[in-house]
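A.B. asks: I'm passing along final_10.cif; it holds mmCIF, C-alpha atoms and all ligand atoms.
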```cif
data_work
#
loop_
_atom_site.label_atom_id
_atom_site.label_comp_id
_atom_site.auth_asym_id
_atom_site.auth_seq_id
_atom_site.Cartn_x
_atom_site.Cartn_y
_atom_site.Cartn_z
CA MET A 1 -38.77 102.41 34.78
CA SER A 2 -40.87 100.24 32.51
CA GLU A 3 -40.94 101.19 28.85
CA VAL A 4 -44.08 100.83 26.76
CA VAL A 5 -43.83 98.02 24.21
CA VAL A 6 -45.00 99.00 20.73
CA VAL A 7 -45.52 96.05 18.38
CA PRO A 8 -46.29 96.24 14.65
CA CYS A 9 -47.93 93.49 12.62
CA SER A 10 -45.87 91.59 10.07
CA GLY A 11 -47.85 92.52 6.99
CA ILE A 12 -45.82 91.86 3.86
CA GLY A 13 -46.55 92.85 0.28
CA LYS A 14 -48.91 95.73 1.01
CA VAL A 15 -48.22 99.32 1.91
CA THR A 16 -50.25 99.03 5.11
CA GLY A 17 -47.84 96.51 6.58
CA LEU A 18 -44.83 98.58 5.58
CA ILE A 19 -46.35 101.69 7.17
CA ALA A 20 -47.05 99.74 10.38
CA ARG A 21 -43.42 98.62 10.67
CA GLU A 22 -41.87 101.94 9.67
CA THR A 23 -44.15 103.80 12.07
CA VAL A 24 -43.13 101.64 15.01
CA LEU A 25 -39.46 102.04 14.10
CA ARG A 26 -40.02 105.80 14.00
CA VAL A 27 -41.63 105.77 17.45
CA THR A 28 -39.05 103.55 19.12
CA GLY A 29 -36.02 104.93 17.27
CA LYS A 30 -36.72 108.62 16.93
CA THR A 31 -39.97 110.01 18.30
CA ALA A 32 -40.02 108.40 21.74
CA PRO A 33 -36.97 106.11 22.13
CA GLU A 34 -36.59 106.82 25.85
CA ILE A 35 -40.04 105.51 26.74
CA ALA A 36 -40.87 102.97 24.04
CA GLU A 37 -39.33 99.76 22.79
CA THR A 38 -40.53 97.09 20.39
CA ALA A 39 -40.73 93.31 20.23
CA CYS A 40 -40.60 90.90 17.31
CA LEU A 41 -44.08 89.65 16.48
CA ALA A 42 -42.74 86.48 14.86
CA HIS A 43 -40.88 85.61 18.05
CA LEU A 44 -44.04 86.15 20.07
CA VAL A 45 -46.08 83.94 17.74
CA THR A 46 -43.51 81.14 17.82
CA GLY A 47 -43.41 81.20 21.61
CA ASP A 48 -39.95 82.62 22.20
CA ASP A 49 -39.59 82.97 25.99
CA GLU A 50 -37.56 86.18 25.87
CA ALA A 51 -40.07 87.85 23.57
CA LYS A 52 -43.00 86.70 25.70
CA ALA A 53 -41.32 88.01 28.85
CA LYS A 54 -40.87 91.38 27.16
CA VAL A 55 -44.63 91.93 26.75
CA SER A 56 -46.06 89.88 29.61
CA GLY A 57 -47.80 92.17 32.09
CA ARG A 58 -46.37 95.25 30.36
CA ALA A 59 -48.24 98.17 28.85
CA CYS A 60 -48.35 97.49 25.12
CA ILE A 61 -49.48 99.34 22.01
CA THR A 62 -50.13 97.42 18.81
CA VAL A 63 -49.99 98.81 15.29
CA ASP A 64 -51.80 96.66 12.74
CA GLY A 65 -52.09 97.10 9.01
CA CYS A 66 -55.71 96.04 8.78
CA THR A 67 -58.76 94.81 10.63
CA ALA A 68 -57.30 91.31 11.08
CA LEU A 69 -55.43 92.79 14.07
CA CYS A 70 -52.68 90.17 13.99
CA ALA A 71 -50.37 92.08 16.34
CA ALA A 72 -53.08 92.87 18.88
CA LYS A 73 -54.34 89.29 18.98
CA SER A 74 -50.84 87.82 19.20
CA VAL A 75 -49.66 90.14 21.97
CA GLU A 76 -52.83 89.49 23.97
CA ALA A 77 -52.43 85.73 23.46
CA VAL A 78 -49.07 85.78 25.28
CA GLY A 79 -50.21 87.96 28.15
CA GLY A 80 -49.32 91.44 26.95
CA GLY A 81 -51.51 94.21 28.30
CA VAL A 82 -52.67 95.85 25.08
CA GLN A 83 -53.72 99.36 26.12
CA ALA A 84 -54.11 100.83 22.64
CA LYS A 85 -54.74 99.29 19.22
CA PHE A 86 -53.84 101.40 16.20
CA GLN A 87 -54.69 100.48 12.59
CA VAL A 88 -52.95 101.81 9.51
CA LEU A 89 -56.20 101.65 7.53
CA ASP A 90 -57.77 104.13 9.97
CA GLU A 91 -54.84 106.50 9.55
CA MET A 92 -54.92 106.23 5.76
CA ARG A 93 -58.57 107.28 5.69
CA LYS A 94 -57.36 110.68 6.86
CA HIS A 95 -55.17 110.88 3.76
CA ARG A 96 -57.63 109.91 1.03
CA GLY A 97 -56.28 110.35 -2.47
CA LYS A 98 -52.65 110.21 -1.40
CA ASN A 99 -50.30 107.64 -2.95
CA ALA A 100 -48.41 106.19 0.02
CA GLY A 101 -46.33 103.75 -2.02
CA ASP A 102 -46.41 99.97 -2.11
CA GLY A 103 -45.27 96.99 -0.07
CA THR A 104 -41.60 97.65 -0.71
CA ALA A 105 -41.18 101.43 -0.70
CA LEU A 106 -42.97 104.50 0.60
CA THR A 107 -43.45 107.74 -1.32
CA SER A 108 -42.95 111.14 0.29
CA ASP A 109 -46.69 111.07 1.07
CA GLY A 110 -46.21 107.66 2.69
CA TRP A 111 -43.43 109.00 4.90
CA GLN A 112 -45.63 111.94 5.87
CA ILE A 113 -48.30 109.46 6.98
CA VAL A 114 -45.64 107.62 9.00
CA ASP A 115 -44.57 110.86 10.69
CA GLU A 116 -48.10 111.89 11.65
CA PHE A 117 -49.06 108.38 12.76
CA ALA A 118 -45.87 108.06 14.82
CA ALA A 119 -46.60 111.34 16.58
CA GLN A 120 -50.03 110.07 17.67
CA ILE A 121 -48.64 106.77 18.87
CA ALA A 122 -45.80 108.47 20.73
CA GLN A 123 -48.32 110.67 22.51
CA ARG A 124 -50.29 107.62 23.64
CA ALA A 125 -47.06 105.89 24.67
CA ASN A 126 -46.15 108.91 26.78
CA GLU A 127 -49.50 108.75 28.57
CA LEU A 128 -49.16 105.04 29.23
CA TYR A 129 -45.55 105.44 30.38
CA LYS A 130 -46.59 108.04 32.94
CA GLU A 131 -49.45 105.85 34.16
CA ALA A 132 -47.17 102.82 34.45
CA ASN A 133 -44.31 104.58 36.20
CA ASN A 134 -45.89 107.38 38.22
CA GLY A 135 -49.45 106.31 38.76
S1 LIG K 201 -52.96 92.89 10.51
FE1 LIG K 201 -53.47 92.75 8.31
S2 LIG K 201 -51.64 93.57 7.25
FE2 LIG K 201 -51.02 93.07 9.37
S3 LIG K 201 -50.18 90.94 9.25
FE3 LIG K 201 -52.37 90.80 9.82
S4 LIG K 201 -53.44 90.52 7.83
FE4 LIG K 201 -51.37 91.31 7.36
#
```
Let me see the file written as structure tokens.
Ligand code: SF4
C.D. replies:
Amino acid sequence: MSEVVVVPCSGIGKVTGLIARETVLRVTGKTAPEIAETACLAHLVTGDDEAKAKVSGRACITVDGCTALCAAKSVEAVGGGVQAKFQVLDEMRKHRGKNAGDGTALTSDGWQIVDEFAAQIAQRANELYKEANNG
């Protein structure tokens, strides 16, 4: 059975990057650990063979902090099949007025955003997992 690879960007210093990373950890560690795993974006960017093999030809989901789409572009550049591209900025638009925290710590509102975002991503990962393993 081939797990779906969910890769966050490496945004540092802003809450969007922290939400991207925490959301992926929530998906792979709690919401859908049996069907999703992650890969280190820095290893992919630096050409690590093991990291590249992990995403090459596999169904991947990327979670980027902003429109720069660093994770999506990097996974695609090493042959990962990016089937879904999520952006934290899109998710945060649904929570206008909320204080999610900053680049180092999330507030309770920030964790609520992580929970809701993770649920959406886990649902997409489930669909892709079924397609990859049963279809
Ligand atoms: S997608 Fe945006 S937040 Fe994430 S690493 Fe790139 S520039 Fe930073």
A.B. asks: How would you write, as a ChimeraX atom specification, the set of residues no farther than 8 Å from ligand LIG 201 (chain K) when counting all atoms listed in the file?
C.D. replies: /A:8-12,14,16-17,20,64-71
A.B. asks: Can you tell me, as a PyMOL selection string, what residues are no more than 8 Å from Thr104 of chain A when counting all atoms listed in the file, ignoring any on the same chain fewer than 6 positions away?
C.D. replies: chain A and resi 13-15+18
A.B. asks: So which one's closest to Ala42 of chain A, A:Val88, A:Val114, A:Cys60, A:Val7? Using all atoms listed in the file, please.
C.D. replies: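 The closest residue to Ala42 of chain A is A:Val7.
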A.B. asks: I need the residue nearest Thr23 of chain A from this list: A:Ile35, A:Ala84, A:Val6, A:Ala100. Use all atoms listed in the file for the distance.
C.D. replies: A:Val6
A.B. asks: Give me, please, the distance in Å between atom CA of Val5 of chain A and atom CA of Lys94 of chain A, quoted to one decimal.
C.D. replies: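 Value for the atom CA of Val5 of chain A-atom CA of Lys94 of chain A distance: 25.4 Å.
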A.B. asks: With distances taken over only C-alpha atoms, which residue among A:Ile113, A:Ile121, A:Ala132, A:Val45 lies nearest Val24 of chain A?
C.D. replies: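 Of the candidates, the smallest distance to Val24 of chain A is held by A:Ile121.
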A.B. asks: So the first atom is atom CA of Phe117 of chain A and the second is atom CA of Lys98 of chain A; what is the distance between them in Å, to one decimal place?
C.D. replies: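 Atom CA of Phe117 of chain A sits 14.7 Å away from atom CA of Lys98 of chain A.
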A.B. asks: Mind giving me the straight-line distance from atom CA of Lys85 of chain A to atom CA of Val63 of chain A in Å, one decimal?
C.D. replies: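 So the two atoms, atom CA of Lys85 of chain A and atom CA of Val63 of chain A, lie 6.2 Å apart.
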A.B. asks: List as a PyMOL selection string: which residues have an atom within 12 Å of (-46.8, 111.5, 19.8), counting only C-alpha atoms?
C.D. replies: chain A and resi 23-24+26-28+30-33+35-36+114-128
A.B. asks: So, with only C-alpha atoms as the atoms that count, which of A:Gly110, A:Gly29, A:Gly57, A:Gly47 lies closest to Gly80 of chain A?
C.D. replies: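 For Gly80 of chain A, the nearest of the given residues is A:Gly57.
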A.B. asks: Considering only C-alpha atoms, state which residue in the set A:Arg93, A:Asn99, A:Glu34, A:Leu41 is at the smallest distance from Met1 of chain A.
C.D. replies: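 Ranking A:Arg93, A:Asn99, A:Glu34, A:Leu41 by distance to Met1 of chain A, first place goes to A:Glu34.
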A.B. asks: Which residue, A:Gln112, A:Val4, A:Arg96, A:Gly81, has the smallest gap to Ser56 of chain A when you use all atoms listed in the file?
C.D. replies: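 When distances to Ser56 of chain A are compared using all atoms listed in the file, the smallest one comes from A:Gly81.
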